[in-house]
file structure_31.cif (mmCIF, N, CA and C atoms)
data_structure
loop_
_atom_site.label_atom_id
_atom_site.label_comp_id
_atom_site.auth_asym_id
_atom_site.auth_seq_id
_atom_site.Cartn_x
_atom_site.Cartn_y
_atom_site.Cartn_z
N MET A 1 17.32 105.90 164.57
CA MET A 1 16.95 105.00 163.49
C MET A 1 16.68 105.82 162.23
N LYS A 2 17.27 105.37 161.13
CA LYS A 2 17.14 106.06 159.86
C LYS A 2 15.83 105.63 159.18
N ALA A 3 15.07 106.62 158.72
CA ALA A 3 13.80 106.33 158.04
C ALA A 3 14.07 105.79 156.64
N GLU A 4 13.29 104.82 156.24
CA GLU A 4 13.37 104.25 154.89
C GLU A 4 12.57 105.15 153.96
N LEU A 5 13.19 105.57 152.88
CA LEU A 5 12.54 106.42 151.89
C LEU A 5 11.99 105.57 150.76
N PRO A 6 11.04 106.10 150.00
CA PRO A 6 10.61 105.36 148.81
C PRO A 6 11.72 105.41 147.76
N PRO A 7 11.80 104.38 146.91
CA PRO A 7 12.81 104.40 145.85
C PRO A 7 12.61 105.58 144.91
N HIS A 8 13.70 106.27 144.60
CA HIS A 8 13.68 107.34 143.60
C HIS A 8 14.36 106.80 142.36
N GLY A 9 13.70 106.93 141.23
CA GLY A 9 14.21 106.39 139.98
C GLY A 9 13.33 105.25 139.51
N LYS A 10 13.47 104.92 138.25
CA LYS A 10 12.69 103.84 137.67
C LYS A 10 13.62 102.89 136.93
N CYS A 11 13.16 101.66 136.79
CA CYS A 11 14.00 100.66 136.18
C CYS A 11 13.11 99.61 135.49
N SER A 12 13.53 99.17 134.32
CA SER A 12 12.86 98.06 133.66
C SER A 12 13.95 97.15 133.07
N TYR A 13 13.56 95.91 132.79
CA TYR A 13 14.53 94.90 132.38
C TYR A 13 14.03 94.16 131.15
N SER A 14 14.99 93.69 130.36
CA SER A 14 14.67 92.76 129.28
C SER A 14 15.83 91.77 129.20
N VAL A 15 15.53 90.58 128.71
CA VAL A 15 16.54 89.53 128.62
C VAL A 15 16.58 89.02 127.19
N GLU A 16 17.79 88.93 126.67
CA GLU A 16 18.01 88.39 125.32
C GLU A 16 19.19 87.44 125.43
N GLY A 17 18.91 86.14 125.38
CA GLY A 17 19.97 85.16 125.61
C GLY A 17 20.46 85.30 127.04
N ASN A 18 21.74 85.50 127.21
CA ASN A 18 22.32 85.70 128.54
C ASN A 18 22.74 87.15 128.77
N ILE A 19 22.09 88.05 128.06
CA ILE A 19 22.33 89.48 128.26
C ILE A 19 21.08 90.10 128.87
N VAL A 20 21.27 90.70 130.03
CA VAL A 20 20.19 91.41 130.71
C VAL A 20 20.35 92.89 130.42
N THR A 21 19.33 93.51 129.84
CA THR A 21 19.35 94.95 129.61
C THR A 21 18.56 95.62 130.72
N ILE A 22 19.21 96.62 131.33
CA ILE A 22 18.56 97.39 132.39
C ILE A 22 18.38 98.81 131.87
N HIS A 23 17.13 99.26 131.81
CA HIS A 23 16.81 100.65 131.45
C HIS A 23 16.56 101.37 132.77
N ALA A 24 17.46 102.28 133.13
CA ALA A 24 17.35 102.96 134.42
C ALA A 24 17.22 104.47 134.22
N ILE A 25 16.17 105.03 134.79
CA ILE A 25 15.91 106.47 134.70
C ILE A 25 16.13 107.06 136.09
N GLY A 26 17.06 108.01 136.17
CA GLY A 26 17.42 108.60 137.46
C GLY A 26 16.69 109.88 137.74
N PRO A 27 16.98 110.45 138.90
CA PRO A 27 18.05 110.13 139.84
C PRO A 27 17.68 108.95 140.73
N TRP A 28 18.73 108.38 141.41
CA TRP A 28 18.55 107.18 142.21
C TRP A 28 19.01 107.38 143.65
N ASN A 29 18.28 106.77 144.57
CA ASN A 29 18.67 106.79 145.97
C ASN A 29 19.00 105.36 146.41
N LEU A 30 19.41 105.21 147.67
CA LEU A 30 19.76 103.90 148.21
C LEU A 30 18.62 102.91 148.05
N GLU A 31 17.40 103.33 148.33
CA GLU A 31 16.25 102.44 148.24
C GLU A 31 16.03 101.93 146.82
N PHE A 32 16.31 102.76 145.83
CA PHE A 32 16.25 102.32 144.44
C PHE A 32 17.21 101.17 144.21
N PHE A 33 18.47 101.34 144.65
CA PHE A 33 19.47 100.30 144.42
C PHE A 33 19.09 99.00 145.13
N LYS A 34 18.51 99.08 146.32
CA LYS A 34 18.07 97.88 147.01
C LYS A 34 16.99 97.16 146.22
N LYS A 35 16.02 97.91 145.74
CA LYS A 35 14.92 97.33 144.95
C LYS A 35 15.44 96.76 143.63
N MET A 36 16.31 97.52 142.97
CA MET A 36 16.85 97.10 141.68
C MET A 36 17.65 95.80 141.83
N HIS A 37 18.49 95.71 142.86
CA HIS A 37 19.28 94.49 143.04
C HIS A 37 18.40 93.29 143.38
N TYR A 38 17.34 93.51 144.13
CA TYR A 38 16.41 92.41 144.41
C TYR A 38 15.77 91.92 143.11
N GLU A 39 15.24 92.86 142.31
CA GLU A 39 14.59 92.49 141.05
C GLU A 39 15.57 91.82 140.10
N LEU A 40 16.77 92.37 140.01
CA LEU A 40 17.79 91.80 139.13
C LEU A 40 18.16 90.39 139.60
N GLY A 41 18.25 90.20 140.89
CA GLY A 41 18.56 88.88 141.43
C GLY A 41 17.55 87.83 141.00
N GLN A 42 16.28 88.20 140.99
CA GLN A 42 15.23 87.27 140.55
C GLN A 42 15.42 86.90 139.08
N ILE A 43 15.77 87.87 138.26
CA ILE A 43 16.02 87.62 136.84
C ILE A 43 17.22 86.70 136.67
N LEU A 44 18.29 86.97 137.40
CA LEU A 44 19.51 86.18 137.28
C LEU A 44 19.29 84.73 137.71
N LEU A 45 18.46 84.53 138.70
CA LEU A 45 18.20 83.17 139.18
C LEU A 45 17.28 82.37 138.26
N HIS A 46 16.41 83.06 137.52
CA HIS A 46 15.37 82.35 136.77
C HIS A 46 15.43 82.49 135.25
N GLU A 47 16.18 83.46 134.72
CA GLU A 47 16.08 83.71 133.28
C GLU A 47 17.39 83.65 132.50
N VAL A 48 18.53 83.56 133.18
CA VAL A 48 19.82 83.49 132.48
C VAL A 48 20.69 82.41 133.13
N ASP A 49 21.81 82.11 132.49
CA ASP A 49 22.81 81.23 133.08
C ASP A 49 23.55 82.07 134.13
N PHE A 50 23.31 81.78 135.40
CA PHE A 50 23.85 82.56 136.51
C PHE A 50 25.38 82.67 136.47
N HIS A 51 26.05 81.73 135.82
CA HIS A 51 27.51 81.72 135.78
C HIS A 51 28.06 82.27 134.47
N ASN A 52 27.18 82.71 133.58
CA ASN A 52 27.64 83.19 132.27
C ASN A 52 26.65 84.20 131.70
N PHE A 53 26.60 85.37 132.31
CA PHE A 53 25.70 86.42 131.82
C PHE A 53 26.42 87.76 131.84
N ALA A 54 25.86 88.70 131.08
CA ALA A 54 26.40 90.06 131.00
C ALA A 54 25.23 91.04 131.10
N ILE A 55 25.58 92.29 131.35
CA ILE A 55 24.55 93.32 131.54
C ILE A 55 24.81 94.51 130.62
N LEU A 56 23.75 94.97 129.98
CA LEU A 56 23.74 96.22 129.23
C LEU A 56 22.96 97.22 130.06
N LEU A 57 23.64 98.25 130.52
CA LEU A 57 23.04 99.26 131.37
C LEU A 57 22.78 100.52 130.55
N ILE A 58 21.49 100.84 130.36
CA ILE A 58 21.10 102.03 129.60
C ILE A 58 20.62 103.06 130.61
N LEU A 59 21.40 104.13 130.75
CA LEU A 59 21.11 105.18 131.73
C LEU A 59 20.41 106.34 131.05
N LYS A 60 19.30 106.80 131.67
CA LYS A 60 18.48 107.84 131.06
C LYS A 60 18.15 108.92 132.08
N GLY A 61 17.84 110.10 131.56
CA GLY A 61 17.36 111.19 132.41
C GLY A 61 18.44 111.76 133.30
N ASP A 62 18.04 112.17 134.49
CA ASP A 62 18.93 112.77 135.48
C ASP A 62 19.69 111.63 136.16
N SER A 63 20.71 111.13 135.50
CA SER A 63 21.38 109.89 135.90
C SER A 63 22.43 110.10 136.99
N LEU A 64 22.00 110.63 138.10
CA LEU A 64 22.89 110.81 139.24
C LEU A 64 22.38 109.97 140.40
N ALA A 65 23.30 109.55 141.25
CA ALA A 65 22.94 108.66 142.35
C ALA A 65 23.49 109.17 143.66
N ALA A 66 22.76 108.89 144.73
CA ALA A 66 23.20 109.23 146.07
C ALA A 66 24.43 108.38 146.41
N LYS A 67 25.36 108.94 147.16
CA LYS A 67 26.61 108.25 147.53
C LYS A 67 26.33 106.92 148.24
N ASP A 68 25.40 106.90 149.20
CA ASP A 68 25.12 105.64 149.90
C ASP A 68 24.56 104.58 148.95
N GLY A 69 23.82 105.01 147.93
CA GLY A 69 23.30 104.09 146.92
C GLY A 69 24.43 103.51 146.07
N LEU A 70 25.37 104.37 145.66
CA LEU A 70 26.50 103.89 144.87
C LEU A 70 27.39 102.96 145.68
N ASP A 71 27.58 103.25 146.97
CA ASP A 71 28.38 102.37 147.83
C ASP A 71 27.72 101.00 147.95
N TYR A 72 26.41 100.98 148.14
CA TYR A 72 25.65 99.73 148.23
C TYR A 72 25.80 98.94 146.91
N HIS A 73 25.63 99.64 145.80
CA HIS A 73 25.74 99.04 144.47
C HIS A 73 27.14 98.45 144.28
N LEU A 74 28.17 99.20 144.63
CA LEU A 74 29.55 98.74 144.49
C LEU A 74 29.77 97.44 145.26
N ASN A 75 29.31 97.38 146.49
CA ASN A 75 29.52 96.17 147.30
C ASN A 75 28.86 94.95 146.69
N LEU A 76 27.67 95.11 146.13
CA LEU A 76 26.99 93.96 145.51
C LEU A 76 27.62 93.58 144.18
N VAL A 77 28.01 94.57 143.38
CA VAL A 77 28.64 94.29 142.09
C VAL A 77 29.99 93.58 142.33
N ARG A 78 30.71 94.04 143.33
CA ARG A 78 32.04 93.47 143.64
C ARG A 78 31.95 91.96 143.91
N SER A 79 30.87 91.52 144.53
CA SER A 79 30.76 90.11 144.88
C SER A 79 29.89 89.32 143.90
N GLY A 80 29.40 89.96 142.87
CA GLY A 80 28.50 89.30 141.92
C GLY A 80 29.23 88.56 140.81
N PRO A 81 28.52 87.70 140.08
CA PRO A 81 29.11 86.87 139.04
C PRO A 81 29.05 87.44 137.62
N THR A 82 28.67 88.70 137.45
CA THR A 82 28.55 89.29 136.11
C THR A 82 29.88 89.19 135.36
N LYS A 83 29.84 88.69 134.12
CA LYS A 83 31.06 88.56 133.31
C LYS A 83 31.53 89.90 132.75
N ALA A 84 30.58 90.74 132.32
CA ALA A 84 30.93 92.03 131.73
C ALA A 84 29.70 92.93 131.74
N LEU A 85 29.96 94.23 131.68
CA LEU A 85 28.87 95.21 131.70
C LEU A 85 29.18 96.30 130.69
N ALA A 86 28.19 96.63 129.87
CA ALA A 86 28.31 97.71 128.90
C ALA A 86 27.43 98.87 129.36
N ILE A 87 27.98 100.06 129.28
CA ILE A 87 27.27 101.26 129.70
C ILE A 87 26.89 102.07 128.46
N HIS A 88 25.62 102.43 128.36
CA HIS A 88 25.12 103.30 127.29
C HIS A 88 24.48 104.49 128.00
N SER A 89 25.16 105.64 127.94
CA SER A 89 24.69 106.81 128.69
C SER A 89 24.30 108.00 127.81
N THR A 90 24.19 107.78 126.50
CA THR A 90 23.90 108.91 125.62
C THR A 90 22.51 109.50 125.84
N LEU A 91 21.61 108.75 126.49
CA LEU A 91 20.26 109.25 126.77
C LEU A 91 20.17 109.95 128.13
N SER A 92 21.31 110.03 128.80
CA SER A 92 21.39 110.70 130.09
C SER A 92 21.46 112.21 129.89
N ASP A 93 20.99 112.96 130.89
CA ASP A 93 21.08 114.42 130.82
C ASP A 93 22.53 114.91 130.84
N ALA A 94 23.41 114.15 131.47
CA ALA A 94 24.84 114.50 131.55
C ALA A 94 25.65 113.23 131.25
N PRO A 95 25.72 112.83 129.97
CA PRO A 95 26.29 111.53 129.62
C PRO A 95 27.74 111.32 130.09
N GLN A 96 28.58 112.32 129.97
CA GLN A 96 29.98 112.12 130.33
C GLN A 96 30.17 111.97 131.83
N ILE A 97 29.43 112.75 132.61
CA ILE A 97 29.51 112.63 134.07
C ILE A 97 28.96 111.28 134.51
N THR A 98 27.83 110.91 133.97
CA THR A 98 27.20 109.63 134.30
C THR A 98 28.14 108.48 133.96
N GLN A 99 28.70 108.52 132.78
CA GLN A 99 29.63 107.48 132.33
C GLN A 99 30.82 107.39 133.29
N SER A 100 31.38 108.51 133.66
CA SER A 100 32.53 108.55 134.56
C SER A 100 32.19 107.96 135.93
N ILE A 101 31.06 108.34 136.49
CA ILE A 101 30.64 107.85 137.81
C ILE A 101 30.49 106.34 137.80
N PHE A 102 29.76 105.82 136.82
CA PHE A 102 29.49 104.38 136.81
C PHE A 102 30.70 103.57 136.39
N GLN A 103 31.52 104.08 135.50
CA GLN A 103 32.76 103.37 135.15
C GLN A 103 33.65 103.26 136.38
N ASN A 104 33.71 104.31 137.17
CA ASN A 104 34.51 104.29 138.38
C ASN A 104 34.02 103.19 139.32
N VAL A 105 32.71 103.08 139.51
CA VAL A 105 32.14 102.03 140.36
C VAL A 105 32.54 100.65 139.84
N TYR A 106 32.36 100.41 138.54
CA TYR A 106 32.63 99.09 137.99
C TYR A 106 34.12 98.78 137.96
N ASN A 107 34.96 99.78 137.76
CA ASN A 107 36.41 99.58 137.84
C ASN A 107 36.81 99.21 139.26
N GLN A 108 36.26 99.92 140.25
CA GLN A 108 36.56 99.58 141.65
C GLN A 108 36.12 98.16 141.99
N ALA A 109 35.04 97.72 141.40
CA ALA A 109 34.50 96.38 141.66
C ALA A 109 35.29 95.30 140.92
N GLY A 110 36.15 95.70 139.99
CA GLY A 110 36.90 94.73 139.21
C GLY A 110 36.08 94.08 138.11
N LEU A 111 35.00 94.74 137.71
CA LEU A 111 34.12 94.20 136.67
C LEU A 111 34.54 94.74 135.30
N LYS A 112 34.73 93.84 134.35
CA LYS A 112 35.07 94.25 132.98
C LYS A 112 33.92 95.09 132.45
N ASN A 113 34.23 96.31 132.00
CA ASN A 113 33.18 97.20 131.50
C ASN A 113 33.71 98.08 130.39
N ARG A 114 32.77 98.56 129.59
CA ARG A 114 33.07 99.48 128.48
C ARG A 114 31.86 100.35 128.23
N THR A 115 32.09 101.51 127.65
CA THR A 115 30.98 102.39 127.29
C THR A 115 30.78 102.37 125.78
N PHE A 116 29.51 102.58 125.41
CA PHE A 116 29.14 102.53 123.99
C PHE A 116 28.12 103.61 123.68
N ASP A 117 28.15 104.09 122.44
CA ASP A 117 27.13 105.03 121.94
C ASP A 117 26.01 104.29 121.24
N SER A 118 26.20 103.01 120.99
CA SER A 118 25.22 102.20 120.27
C SER A 118 24.92 100.94 121.08
N THR A 119 23.63 100.65 121.25
CA THR A 119 23.27 99.44 121.99
C THR A 119 23.64 98.19 121.21
N GLU A 120 23.59 98.24 119.88
CA GLU A 120 23.95 97.07 119.08
C GLU A 120 25.44 96.75 119.22
N GLU A 121 26.29 97.78 119.20
CA GLU A 121 27.73 97.56 119.41
C GLU A 121 27.97 97.01 120.82
N ALA A 122 27.25 97.52 121.78
CA ALA A 122 27.38 97.05 123.16
C ALA A 122 27.01 95.57 123.25
N LYS A 123 25.92 95.17 122.63
CA LYS A 123 25.49 93.76 122.68
C LYS A 123 26.49 92.85 121.99
N THR A 124 27.06 93.31 120.89
CA THR A 124 28.08 92.52 120.18
C THR A 124 29.29 92.29 121.09
N TRP A 125 29.74 93.34 121.76
CA TRP A 125 30.88 93.23 122.68
C TRP A 125 30.53 92.29 123.85
N LEU A 126 29.34 92.45 124.42
CA LEU A 126 28.94 91.62 125.55
C LEU A 126 28.89 90.13 125.16
N LYS A 127 28.34 89.83 123.99
CA LYS A 127 28.28 88.44 123.54
C LYS A 127 29.69 87.83 123.43
N ALA A 128 30.65 88.65 123.00
CA ALA A 128 32.04 88.18 122.87
C ALA A 128 32.68 87.91 124.24
N GLN A 129 32.15 88.49 125.29
CA GLN A 129 32.70 88.31 126.64
C GLN A 129 32.18 87.05 127.32
N LEU A 130 31.11 86.47 126.78
CA LEU A 130 30.51 85.28 127.37
C LEU A 130 31.15 84.01 126.81
N LYS A 131 31.10 82.93 127.60
CA LYS A 131 31.69 81.65 127.17
C LYS A 131 30.93 81.10 125.99
#

call {"tool": "encode", "arguments": {"input": "structure_31.cif", "output": "structure tokens"}}
result
Amino acid sequence: MKAELPPHGKCSYSVEGNIVTIHAIGPWNLEFFKKMHYELGQILLHEVDFHNFAILLILKGDSLAAKDGLDYHLNLVRSGPTKALAIHSTLSDAPQITQSIFQNVYNQAGLKNRTFDSTEEAKTWLKAQLK
């Protein structure tokens, strides 16, 4: 039996219209992704239009993730209703690597995504992706 570890990484959320902003500080393990998806699910059910929302993901710090965590994340994103996701990784310790890792996950999931150096540009693009 595999021992459950405490979540590594921190996450906070804000909602503006139908855009959920996730501020995530790494590194992240599988338990982080489980906790994050649970918390995000509560927001999606109660604070946005579940069929018409987008996500702004702001990655900070040591933005690397364990493989099992990324696999878990990919499976949930693949089946989720998110219309589009914008990645802002300039606050990450390794922005290009972080951007590449997460873009790969979202591309595999078939989720429309783009990277931005500006959160305002990201929000403008996300709003254009919503109905």

call {"tool": "closest_residue", "arguments": {"input": "structure_31.cif", "among": "A:Gln96, A:Asn18, A:His46, A:Leu64", "to": "Asp117 in chain A", "atoms": "only C-alpha atoms"}}
result
A:Gln96

call {"tool": "resolve_selection", "arguments": {"input": "structure_31.cif", "expression": "the PyMOL selection byres ((chain A and resi 81) around 8)", "output": "list in words"}}
result
Phe50, His51, Asn52, Phe53, Ala54, Leu76, Val77, Arg78, Ser79, Gly80, Thr82, Lys83 and Ala84 of chain A

call {"tool": "closest_residue", "arguments": {"input": "structure_31.cif", "among": "A:Asn75, A:Asn29, A:Thr21, A:Ser89", "to": "Pro7 in chain A", "atoms": "only N, CA and C atoms"}}
result
A:Asn29

call {"tool": "resolve_selection", "arguments": {"input": "structure_31.cif", "expression": "the PyMOL selection byres (((chain A and resi 22-24 and name CA) around 12) and name CA)", "output": "PyMOL selection string"}}
result
chain A and resi 8-16+19-21+25-28+32-33+36-37+39-40+43+54-65+85-89+91-92+98+119

call {"tool": "residues_around", "arguments": {"input": "structure_31.cif", "residues": "Gly69 in chain A", "least_positions_apart": "3", "cutoff": "5 Å", "atoms": "all atoms listed in the file", "output": "JSON, numbers by chain"}}
result
{"A": [29, 30, 66, 72, 73]}

call {"tool": "atom_distance", "arguments": {"input": "structure_31.cif", "atom1": "atom N of Ile97 in chain A", "atom2": "atom N of Gln129 in chain A"}}
result
25.5 Å

call {"tool": "closest_residue", "arguments": {"input": "structure_31.cif", "among": "A:Gln99, A:Asn113, A:Gly17, A:Asn104", "to": "Glu47 in chain A", "atoms": "only N, CA and C atoms"}}
result
A:Gly17

call {"tool": "select_by_dssp", "arguments": {"input": "structure_31.cif", "residues": "range 45-91 of chain A", "states": "alpha helix (DSSP H)", "output": "count of residues only"}}
result
15

call {"tool": "atom_distance", "arguments": {"input": "structure_31.cif", "atom1": "atom N of Leu130 in chain A", "atom2": "CA of Asp49 in chain A"}}
result
11.7 Å

call {"tool": "select_by_dssp", "arguments": {"input": "structure_31.cif", "residues": "range 52-124 of chain A", "states": "strand (DSSP E)", "output": "number ranges by chain"}}
result
A: 54-65, 84-92, 113-115

call {"tool": "atom_distance", "arguments": {"input": "structure_31.cif", "atom1": "CA of Lys112 in chain A", "atom2": "CA of Thr124 in chain A"}}
result
14.7 Å

call {"tool": "closest_residue", "arguments": {"input": "structure_31.cif", "among": "A:Glu120, A:Asp71, A:Glu31, A:Asp93", "to": "Tyr106 in chain A", "atoms": "only C-alpha atoms"}}
result
A:Asp71
